Number of protein chains: 2
Amino acid sequence: METWELLKTLSVKNSSRIVLLVMDGVGGIQVEGKTELERACAPNLDRVAAEGVCGLMDPVFPGITPGSGPGHISLFGYDPIKHQVGRGILGALGIGFHLEKGDVAARINFATVDDKGLVTDRRAGRIPTELNQELCRELEEKIKIKGVKTFVRTVKEHRAVLVLRGEGLSGEIKDTDPQKEGLPPLPPEPVNQKAEATASLVKEFISQAQNILASRHPANMVLLRGFSQLPHIPSFQEIYKLNPACIAGYPMYKGVARLVGMEILSTGGSLKDEIETLKKNFNLYDFFFIHVKPTDSAGEDGDFERKAKVIEEVDALIPEIISLNPDVLAITADHSTPSLLKAHSWHAVPVVIRANTVRTDTVKRFTELECARGALGRFSTQYLMSLLMAHALKLAKFGA
Amino acid sequence: METWELLKTLSVKNSSRIVLLVMDGVGGIQVEGKTELERACAPNLDRVAAEGVCGLMDPVFPGITPGSGPGHISLFGYDPIKHQVGRGILGALGIGFHLEKGDVAARINFATVDDKGLVTDRRAGRIPTELNQELCRELEEKIKIKGVKTFVRTVKEHRAVLVLRGEGLSGEIKDTDPQKEGLPPLPPEPVNQKAEATASLVKEFISQAQNILASRHPANMVLLRGFSQLPHIPSFQEIYKLNPACIAGYPMYKGVARLVGMEILSTGGSLKDEIETLKKNFNLYDFFFIHVKPTDSAGEDGDFERKAKVIEEVDALIPEIISLNPDVLAITADHSTPSLLKAHSWHAVPVVIRANTVRTDTVKRFTELECARGALGRFSTQYLMSLLMAHALKLAKFGA
């Protein structure tokens, strides 16, 4: 039995409100003896840590570095290994494409093939994004396949996304990208019988695309990979009986939030805008997922000081969240992004829960090491939602 | 593979003795800065904490509030989600009914129906317990169903328990309680084919009961729910090669202990009586489960001071347990019951293990926050039994 299956039988509706503030990639490792959280002057985060209960979380299991998909799937209470979101789907979510149930999505690389049909450049010389947009428009307009609607949308440079919409499609199709230059593109092979019809449609798509792109050297071919469909993930409404809202600036996070049934609130791009959106909508929902991107971006850029600065900017807005008086406030991340590594990492993620119903601990600062000695101990991120539900008194007793 | 399956292959018999002292619901949350354990003056518990090794346990998983059933199933080393004990069975155990293998138990509500057979009061005006006893006696005496023996026993007010005993019975029968007034009672539907015969017997029971109760307005009907059978749970003898005894005052805990193969020792109701029973039987068994109820009762009553007082009363008896020189002494709870919440809660449970074989830590007091920094860390309650077995040197090495 998965966690959510039990939670579904225990969840109850009440009027309490939960705010989950995700500072993407906020955890770090020490540079000159301090992490970014330790470097930042963040009295409000520290106050929340002092009033609440703290701990450390593993997004997947110790040692695993999650992408944004698994990181958030876990934060939302699902097993990130059982509920994997395909790369094509994540690509489509990442550009804000509104996927429908049954859609099949794949990543596209514009590529170069020679007269013999062998791939000479898997990235078509990294064509400019503007050319990519022009090609996508042309492909989407001109390609006609009976029984299926095709969408071709730009990501960036040589990267794009294909979405097929129709009846009875399957995402179980192998990549056409041969992964090496000097080889021909692979045929879109069905993994099983159920995928045969869809594979034929993809073959037809590639054939038409190749004709349209024939004169567009170096972008005279498309390579497809990561075919996938929206996974069936039981929604927040179904499991938690929540009426949840997402406040995020980036399409990827909105996409994953939509996947679990959250209403996506329109918001400006700054942190201040996000908090304004929270204020405006506070009475309309009982769960808010607020996503803060710049902590992660600074970490990925390896900019230690900027990441510390962003933490201070978030800190300055915490009193505004607290003044709304949420019954439960949790502050955490989807994964760590240490500036030193310039990338997502496997290091455990600090978390604090503030509520009238917490058993507080002695932690006084919101830092990785202080959280490591918090009373929540170290646990898997996928249990955060059950803790938030419990602290909001939204879970009935299990068994008599 | 479940935990116990491995333990079964590793357990060895030796002469060491384990005492598991369960202070039901002992964990709390702070009131005016202190939990009940922090408020109590408990030098003996503190001494055990100082000599032993401490930690915090989650009875099910973080955020889940267990009933007494799952709380104890987990303490005894079983997965509380895989081994759920049905509500009918817990009801029968709760009144001390001696269930046999194959018995089907259900909860009864005496209820009121009108002339059209619609339920007008699901609780029959909460009839007095004395009337309940009279009705149960009458039903048990008069109802005759071919091939099955029926037991009808009082719980309290409008609540009672039905037990069916016979060959080939099934507990997979749906509730007859419509959960709302103004509706007729539901028929006892079988969930699958295997339960069809039992469902017919239940139908017959209801029909005879309704005739007998016809003149007993407001208690002129029975509503049944929580049909269940004793789950198959491998015994302590089978898994641990233990010869275990239970010292408890309340039927529910004796019932769950009997379910896993414990001998139920007869004891007086006070804590002092329970310790006397331990002393008298100490040489006859190698595992003792001692259940202390008043910590939970005080918590459920929201009586912070009384709960602290009960902790002090238990504390005063600890030296008598220690003087018996058990090889392993563990003190913990099945769940927390914070006085502030007046109910079971999800907050992690403090635990201490005292044995010659522990790696001690720096914890000096038996409180939630001190245990949170104990060397056992935070773990799932279902691993407590393997820790106790290990500290008693009753587990062989796993693998070569």
# chains A, B, ... in the order shown; residues from 1 in each chain; ligands from 1
>>> closest_atom_pairs(of="chain B", to="chain A", cutoff="6 Å", atoms="only C-alpha atoms", output="Markdown table")
| residue | atom | partner | partner_atom | distance |
| --- | --- | --- | --- | --- |
| B:Ile29 | CA | A:Arg359 | CA | 4.7 |
| B:Pro62 | CA | A:Leu387 | CA | 6.0 |
| B:Gly63 | CA | A:Leu387 | CA | 4.1 |
| B:Thr65 | CA | A:Lys397 | CA | 5.0 |
| B:Pro66 | CA | A:Phe398 | CA | 4.8 |
| B:Gly67 | CA | A:Ala400 | CA | 4.5 |
| B:Ala372 | CA | A:Ala375 | CA | 5.2 |
| B:Arg378 | CA | A:Gly377 | CA | 5.8 |
>>> residues_around(residues="segment 304-316 of chain B", least_positions_apart="4", cutoff="9 Å", atoms="only C-alpha atoms", output="VMD selection string")
chain B and resid 23 26 31 35 to 46 271 to 272 292 294 to 299 320 338 to 340
>>> write_last_selection(atoms="C-alpha atoms", output="mmCIF file, in the first residue's frame")
data_model
loop_
_atom_site.group_PDB
_atom_site.id
_atom_site.type_symbol
_atom_site.label_atom_id
_atom_site.label_comp_id
_atom_site.auth_asym_id
_atom_site.auth_seq_id
_atom_site.Cartn_x
_atom_site.Cartn_y
_atom_site.Cartn_z
ATOM 1 C CA MET B 23 3.262 3.887 29.132
ATOM 2 C CA VAL B 26 3.127 9.045 27.280
ATOM 3 C CA VAL B 31 2.018 23.430 27.456
ATOM 4 C CA THR B 35 5.559 18.466 27.949
ATOM 5 C CA GLU B 36 4.112 16.172 30.606
ATOM 6 C CA LEU B 37 7.378 14.209 30.722
ATOM 7 C CA GLU B 38 9.322 17.466 31.167
ATOM 8 C CA ARG B 39 6.917 18.585 33.879
ATOM 9 C CA ALA B 40 7.141 15.346 35.866
ATOM 10 C CA CYS B 41 9.857 14.754 38.417
ATOM 11 C CA ALA B 42 10.968 11.290 37.328
ATOM 12 C CA PRO B 43 14.497 10.560 38.573
ATOM 13 C CA ASN B 44 14.255 6.829 37.911
ATOM 14 C CA LEU B 45 13.109 7.195 34.320
ATOM 15 C CA ASP B 46 15.916 9.712 33.910
ATOM 16 C CA LEU B 271 0.350 -0.124 38.579
ATOM 17 C CA LYS B 272 1.553 -1.569 41.863
ATOM 18 C CA VAL B 292 0.154 1.226 31.769
ATOM 19 C CA PRO B 294 -3.542 5.926 33.073
ATOM 20 C CA THR B 295 -1.018 8.038 31.118
ATOM 21 C CA ASP B 296 -3.274 7.764 28.067
ATOM 22 C CA SER B 297 -6.487 8.289 30.026
ATOM 23 C CA ALA B 298 -5.147 11.488 31.593
ATOM 24 C CA GLY B 299 -3.997 12.715 28.166
ATOM 25 C CA GLU B 320 11.402 -2.530 41.501
ATOM 26 C CA PRO B 338 -0.821 15.183 24.284
ATOM 27 C CA SER B 339 -3.078 16.631 26.976
ATOM 28 C CA LEU B 340 -3.352 19.723 24.780
#
>>> select_by_dssp(residues="segment 101-266 of chain B", states="alpha helix (DSSP H)", output="ChimeraX atom specification")
/B:129-142,196-213,236-240,251-259
>>> residues_around(residues="Ile81 of chain A", least_positions_apart="3", cutoff="9 Å", atoms="only C-alpha atoms", output="PyMOL selection string")
chain A and resi 60+70+78+84
>>> atom_distance(atom1="atom CA of Phe288 of chain B", atom2="atom CA of Ser235 of chain B")
14.6 Å
>>> atom_distance(atom1="atom CA of Gly302 of chain B", atom2="atom CA of Met57 of chain B")
22.8 Å
>>> closest_residue(among="B:Ile233, B:Leu56, B:Met252, B:Ala50", to="Trp4 of chain B", atoms="only C-alpha atoms")
B:Ile233
>>> residues_around(residues="Gly86 of chain A", least_positions_apart="3", cutoff="12 Å", atoms="only C-alpha atoms", output="list of chain:residue names")
A:Gly67, A:Gly69, A:Pro70, A:Pro80, A:Ile81, A:Lys82, A:His83, A:Ile89, A:Leu90, A:Gly91, A:Ala92, A:Leu93, A:Val104, A:Ala105, A:Ala106, A:Arg107, A:Gly171, A:Glu172, A:Ile173, A:Arg225, A:Gly226, A:Phe227, A:Ser228, A:Gln229, A:Leu230, A:Pro231, A:His232, A:Val256
>>> write_last_selection(atoms="C-alpha atoms", output="PDB file, in the first residue's frame")
ATOM      1  CA  GLY A  67      15.506  16.452 -10.862  1.00  0.00           C
ATOM      2  CA  GLY A  69      10.125  16.313 -11.308  1.00  0.00           C
ATOM      3  CA  PRO A  70      10.905  13.702  -8.634  1.00  0.00           C
ATOM      4  CA  PRO A  80       8.966   9.507  -6.673  1.00  0.00           C
ATOM      5  CA  ILE A  81      10.205   6.135  -7.927  1.00  0.00           C
ATOM      6  CA  LYS A  82       6.719   4.710  -8.492  1.00  0.00           C
ATOM      7  CA  HIS A  83       5.420   7.920 -10.028  1.00  0.00           C
ATOM      8  CA  ILE A  89       6.015  15.080 -20.465  1.00  0.00           C
ATOM      9  CA  LEU A  90       8.421  17.098 -18.318  1.00  0.00           C
ATOM     10  CA  GLY A  91       9.606  18.873 -21.469  1.00  0.00           C
ATOM     11  CA  ALA A  92       6.027  19.822 -22.358  1.00  0.00           C
ATOM     12  CA  LEU A  93       5.270  20.903 -18.786  1.00  0.00           C
ATOM     13  CA  VAL A 104       1.891  11.582 -25.897  1.00  0.00           C
ATOM     14  CA  ALA A 105       4.867  13.921 -25.599  1.00  0.00           C
ATOM     15  CA  ALA A 106       8.462  13.540 -26.791  1.00  0.00           C
ATOM     16  CA  ARG A 107      11.540  15.715 -26.848  1.00  0.00           C
ATOM     17  CA  GLY A 171       3.853   6.515 -25.032  1.00  0.00           C
ATOM     18  CA  GLU A 172       5.722   3.223 -25.139  1.00  0.00           C
ATOM     19  CA  ILE A 173       7.868   4.023 -28.121  1.00  0.00           C
ATOM     20  CA  ARG A 225      13.240  10.766 -27.413  1.00  0.00           C
ATOM     21  CA  GLY A 226      11.522  10.410 -24.078  1.00  0.00           C
ATOM     22  CA  PHE A 227       8.117   9.393 -25.442  1.00  0.00           C
ATOM     23  CA  SER A 228       5.713   9.425 -22.531  1.00  0.00           C
ATOM     24  CA  GLN A 229       2.180  10.050 -21.341  1.00  0.00           C
ATOM     25  CA  LEU A 230       0.829  11.860 -18.331  1.00  0.00           C
ATOM     26  CA  PRO A 231       1.122   9.398 -15.476  1.00  0.00           C
ATOM     27  CA  HIS A 232      -2.031   8.757 -13.542  1.00  0.00           C
ATOM     28  CA  VAL A 256       3.882  19.438 -11.950  1.00  0.00           C
TER      29      VAL A 256
END
>>> decode(residues="segment 266-316 of chain A", atoms="N, CA and C atoms", output="PDB file, in the first residue's frame")
ATOM      1  N   SER A 266      -2.391  33.015 -11.335  1.00  0.00           N
ATOM      2  CA  SER A 266      -1.535  33.863 -12.164  1.00  0.00           C
ATOM      3  C   SER A 266      -0.820  34.831 -11.238  1.00  0.00           C
ATOM      4  N   THR A 267       0.474  34.997 -11.474  1.00  0.00           N
ATOM      5  CA  THR A 267       1.297  35.792 -10.565  1.00  0.00           C
ATOM      6  C   THR A 267       2.419  36.454 -11.343  1.00  0.00           C
ATOM      7  N   GLY A 268       2.906  37.592 -10.824  1.00  0.00           N
ATOM      8  CA  GLY A 268       4.097  38.208 -11.404  1.00  0.00           C
ATOM      9  C   GLY A 268       5.312  37.357 -11.065  1.00  0.00           C
ATOM     10  N   GLY A 269       6.451  37.695 -11.648  1.00  0.00           N
ATOM     11  CA  GLY A 269       7.612  36.830 -11.536  1.00  0.00           C
ATOM     12  C   GLY A 269       8.423  36.986 -10.262  1.00  0.00           C
ATOM     13  N   SER A 270       8.276  38.101  -9.551  1.00  0.00           N
ATOM     14  CA  SER A 270       9.146  38.321  -8.389  1.00  0.00           C
ATOM     15  C   SER A 270       8.594  37.646  -7.144  1.00  0.00           C
ATOM     16  N   LEU A 271       9.452  37.503  -6.142  1.00  0.00           N
ATOM     17  CA  LEU A 271       9.017  36.943  -4.866  1.00  0.00           C
ATOM     18  C   LEU A 271       7.905  37.784  -4.267  1.00  0.00           C
ATOM     19  N   LYS A 272       8.086  39.095  -4.370  1.00  0.00           N
ATOM     20  CA  LYS A 272       7.085  40.027  -3.834  1.00  0.00           C
ATOM     21  C   LYS A 272       5.730  39.792  -4.491  1.00  0.00           C
ATOM     22  N   ASP A 273       5.776  39.609  -5.816  1.00  0.00           N
ATOM     23  CA  ASP A 273       4.534  39.314  -6.554  1.00  0.00           C
ATOM     24  C   ASP A 273       3.887  38.039  -6.026  1.00  0.00           C
ATOM     25  N   GLU A 274       4.722  37.022  -5.795  1.00  0.00           N
ATOM     26  CA  GLU A 274       4.172  35.742  -5.341  1.00  0.00           C
ATOM     27  C   GLU A 274       3.467  35.902  -3.997  1.00  0.00           C
ATOM     28  N   ILE A 275       4.066  36.683  -3.103  1.00  0.00           N
ATOM     29  CA  ILE A 275       3.444  36.883  -1.787  1.00  0.00           C
ATOM     30  C   ILE A 275       2.157  37.700  -1.933  1.00  0.00           C
ATOM     31  N   GLU A 276       2.169  38.675  -2.847  1.00  0.00           N
ATOM     32  CA  GLU A 276       0.934  39.446  -3.117  1.00  0.00           C
ATOM     33  C   GLU A 276      -0.184  38.506  -3.596  1.00  0.00           C
ATOM     34  N   THR A 277       0.189  37.585  -4.474  1.00  0.00           N
ATOM     35  CA  THR A 277      -0.789  36.610  -4.982  1.00  0.00           C
ATOM     36  C   THR A 277      -1.326  35.744  -3.844  1.00  0.00           C
ATOM     37  N   LEU A 278      -0.440  35.365  -2.936  1.00  0.00           N
ATOM     38  CA  LEU A 278      -0.875  34.588  -1.762  1.00  0.00           C
ATOM     39  C   LEU A 278      -1.900  35.377  -0.959  1.00  0.00           C
ATOM     40  N   LYS A 279      -1.579  36.641  -0.706  1.00  0.00           N
ATOM     41  CA  LYS A 279      -2.486  37.483   0.099  1.00  0.00           C
ATOM     42  C   LYS A 279      -3.863  37.595  -0.545  1.00  0.00           C
ATOM     43  N   LYS A 280      -3.849  37.864  -1.857  1.00  0.00           N
ATOM     44  CA  LYS A 280      -5.103  38.083  -2.579  1.00  0.00           C
ATOM     45  C   LYS A 280      -5.991  36.836  -2.554  1.00  0.00           C
ATOM     46  N   ASN A 281      -5.353  35.662  -2.559  1.00  0.00           N
ATOM     47  CA  ASN A 281      -6.115  34.413  -2.709  1.00  0.00           C
ATOM     48  C   ASN A 281      -6.245  33.617  -1.418  1.00  0.00           C
ATOM     49  N   PHE A 282      -5.772  34.219  -0.314  1.00  0.00           N
ATOM     50  CA  PHE A 282      -5.624  33.413   0.896  1.00  0.00           C
ATOM     51  C   PHE A 282      -6.934  32.791   1.377  1.00  0.00           C
ATOM     52  N   ASN A 283      -8.028  33.462   1.164  1.00  0.00           N
ATOM     53  CA  ASN A 283      -9.306  32.918   1.652  1.00  0.00           C
ATOM     54  C   ASN A 283      -9.966  31.940   0.687  1.00  0.00           C
ATOM     55  N   LEU A 284      -9.377  31.790  -0.488  1.00  0.00           N
ATOM     56  CA  LEU A 284     -10.045  30.994  -1.523  1.00  0.00           C
ATOM     57  C   LEU A 284      -9.593  29.542  -1.574  1.00  0.00           C
ATOM     58  N   TYR A 285      -8.460  29.231  -0.934  1.00  0.00           N
ATOM     59  CA  TYR A 285      -7.911  27.870  -0.995  1.00  0.00           C
ATOM     60  C   TYR A 285      -7.473  27.455   0.408  1.00  0.00           C
ATOM     61  N   ASP A 286      -7.264  26.145   0.593  1.00  0.00           N
ATOM     62  CA  ASP A 286      -6.794  25.692   1.910  1.00  0.00           C
ATOM     63  C   ASP A 286      -5.378  25.104   1.864  1.00  0.00           C
ATOM     64  N   PHE A 287      -4.772  25.150   0.680  1.00  0.00           N
ATOM     65  CA  PHE A 287      -3.379  24.692   0.550  1.00  0.00           C
ATOM     66  C   PHE A 287      -2.693  25.555  -0.499  1.00  0.00           C
ATOM     67  N   PHE A 288      -1.523  26.082  -0.140  1.00  0.00           N
ATOM     68  CA  PHE A 288      -0.758  26.900  -1.082  1.00  0.00           C
ATOM     69  C   PHE A 288       0.648  26.342  -1.234  1.00  0.00           C
ATOM     70  N   PHE A 289       1.021  26.079  -2.471  1.00  0.00           N
ATOM     71  CA  PHE A 289       2.396  25.717  -2.799  1.00  0.00           C
ATOM     72  C   PHE A 289       3.033  26.950  -3.438  1.00  0.00           C
ATOM     73  N   ILE A 290       4.022  27.513  -2.740  1.00  0.00           N
ATOM     74  CA  ILE A 290       4.698  28.700  -3.277  1.00  0.00           C
ATOM     75  C   ILE A 290       6.105  28.287  -3.687  1.00  0.00           C
ATOM     76  N   HIS A 291       6.433  28.517  -4.933  1.00  0.00           N
ATOM     77  CA  HIS A 291       7.739  28.094  -5.431  1.00  0.00           C
ATOM     78  C   HIS A 291       8.663  29.285  -5.656  1.00  0.00           C
ATOM     79  N   VAL A 292       9.849  29.207  -5.038  1.00  0.00           N
ATOM     80  CA  VAL A 292      10.853  30.262  -5.170  1.00  0.00           C
ATOM     81  C   VAL A 292      12.032  29.724  -5.981  1.00  0.00           C
ATOM     82  N   LYS A 293      12.212  30.253  -7.176  1.00  0.00           N
ATOM     83  CA  LYS A 293      13.222  29.711  -8.084  1.00  0.00           C
ATOM     84  C   LYS A 293      14.644  30.247  -7.858  1.00  0.00           C
ATOM     85  N   PRO A 294      14.841  31.541  -7.525  1.00  0.00           N
ATOM     86  CA  PRO A 294      16.200  32.115  -7.599  1.00  0.00           C
ATOM     87  C   PRO A 294      17.241  31.458  -6.685  1.00  0.00           C
ATOM     88  N   THR A 295      16.819  30.794  -5.616  1.00  0.00           N
ATOM     89  CA  THR A 295      17.807  30.088  -4.786  1.00  0.00           C
ATOM     90  C   THR A 295      18.504  29.020  -5.626  1.00  0.00           C
ATOM     91  N   ASP A 296      17.714  28.275  -6.385  1.00  0.00           N
ATOM     92  CA  ASP A 296      18.267  27.216  -7.229  1.00  0.00           C
ATOM     93  C   ASP A 296      19.122  27.802  -8.351  1.00  0.00           C
ATOM     94  N   SER A 297      18.622  28.842  -8.986  1.00  0.00           N
ATOM     95  CA  SER A 297      19.362  29.437 -10.105  1.00  0.00           C
ATOM     96  C   SER A 297      20.736  29.917  -9.646  1.00  0.00           C
ATOM     97  N   ALA A 298      20.788  30.578  -8.490  1.00  0.00           N
ATOM     98  CA  ALA A 298      22.075  31.061  -7.972  1.00  0.00           C
ATOM     99  C   ALA A 298      22.997  29.887  -7.665  1.00  0.00           C
ATOM    100  N   GLY A 299      22.434  28.842  -7.077  1.00  0.00           N
ATOM    101  CA  GLY A 299      23.233  27.648  -6.789  1.00  0.00           C
ATOM    102  C   GLY A 299      23.784  27.029  -8.065  1.00  0.00           C
ATOM    103  N   GLU A 300      22.929  26.920  -9.078  1.00  0.00           N
ATOM    104  CA  GLU A 300      23.375  26.314 -10.341  1.00  0.00           C
ATOM    105  C   GLU A 300      24.448  27.167 -11.020  1.00  0.00           C
ATOM    106  N   ASP A 301      24.376  28.485 -10.797  1.00  0.00           N
ATOM    107  CA  ASP A 301      25.405  29.372 -11.342  1.00  0.00           C
ATOM    108  C   ASP A 301      26.674  29.344 -10.497  1.00  0.00           C
ATOM    109  N   GLY A 302      26.642  28.635  -9.378  1.00  0.00           N
ATOM    110  CA  GLY A 302      27.807  28.584  -8.492  1.00  0.00           C
ATOM    111  C   GLY A 302      28.039  29.904  -7.774  1.00  0.00           C
ATOM    112  N   ASP A 303      26.990  30.707  -7.672  1.00  0.00           N
ATOM    113  CA  ASP A 303      27.137  32.038  -7.075  1.00  0.00           C
ATOM    114  C   ASP A 303      26.701  32.007  -5.604  1.00  0.00           C
ATOM    115  N   PHE A 304      27.645  31.668  -4.743  1.00  0.00           N
ATOM    116  CA  PHE A 304      27.393  31.497  -3.310  1.00  0.00           C
ATOM    117  C   PHE A 304      26.787  32.762  -2.695  1.00  0.00           C
ATOM    118  N   GLU A 305      27.408  33.907  -2.984  1.00  0.00           N
ATOM    119  CA  GLU A 305      26.940  35.151  -2.354  1.00  0.00           C
ATOM    120  C   GLU A 305      25.539  35.516  -2.842  1.00  0.00           C
ATOM    121  N   ARG A 306      25.274  35.293  -4.136  1.00  0.00           N
ATOM    122  CA  ARG A 306      23.935  35.627  -4.635  1.00  0.00           C
ATOM    123  C   ARG A 306      22.887  34.718  -4.004  1.00  0.00           C
ATOM    124  N   LYS A 307      23.254  33.438  -3.822  1.00  0.00           N
ATOM    125  CA  LYS A 307      22.284  32.523  -3.210  1.00  0.00           C
ATOM    126  C   LYS A 307      21.967  32.970  -1.775  1.00  0.00           C
ATOM    127  N   ALA A 308      23.004  33.360  -1.032  1.00  0.00           N
ATOM    128  CA  ALA A 308      22.788  33.859   0.338  1.00  0.00           C
ATOM    129  C   ALA A 308      21.893  35.104   0.314  1.00  0.00           C
ATOM    130  N   LYS A 309      22.125  35.947  -0.678  1.00  0.00           N
ATOM    131  CA  LYS A 309      21.341  37.183  -0.844  1.00  0.00           C
ATOM    132  C   LYS A 309      19.864  36.854  -1.115  1.00  0.00           C
ATOM    133  N   VAL A 310      19.638  35.894  -1.997  1.00  0.00           N
ATOM    134  CA  VAL A 310      18.252  35.501  -2.303  1.00  0.00           C
ATOM    135  C   VAL A 310      17.558  34.983  -1.043  1.00  0.00           C
ATOM    136  N   ILE A 311      18.296  34.217  -0.241  1.00  0.00           N
ATOM    137  CA  ILE A 311      17.725  33.714   1.018  1.00  0.00           C
ATOM    138  C   ILE A 311      17.295  34.896   1.889  1.00  0.00           C
ATOM    139  N   GLU A 312      18.110  35.955   1.909  1.00  0.00           N
ATOM    140  CA  GLU A 312      17.755  37.139   2.703  1.00  0.00           C
ATOM    141  C   GLU A 312      16.514  37.831   2.135  1.00  0.00           C
ATOM    142  N   GLU A 313      16.395  37.831   0.815  1.00  0.00           N
ATOM    143  CA  GLU A 313      15.209  38.432   0.192  1.00  0.00           C
ATOM    144  C   GLU A 313      13.946  37.649   0.570  1.00  0.00           C
ATOM    145  N   VAL A 314      14.040  36.319   0.539  1.00  0.00           N
ATOM    146  CA  VAL A 314      12.890  35.507   0.954  1.00  0.00           C
ATOM    147  C   VAL A 314      12.591  35.791   2.421  1.00  0.00           C
ATOM    148  N   ASP A 315      13.658  35.831   3.222  1.00  0.00           N
ATOM    149  CA  ASP A 315      13.496  36.060   4.661  1.00  0.00           C
ATOM    150  C   ASP A 315      12.678  37.323   4.944  1.00  0.00           C
ATOM    151  N   ALA A 316      12.951  38.366   4.166  1.00  0.00           N
ATOM    152  CA  ALA A 316      12.281  39.647   4.407  1.00  0.00           C
ATOM    153  C   ALA A 316      10.769  39.547   4.170  1.00  0.00           C
TER     154      ALA A 316
END
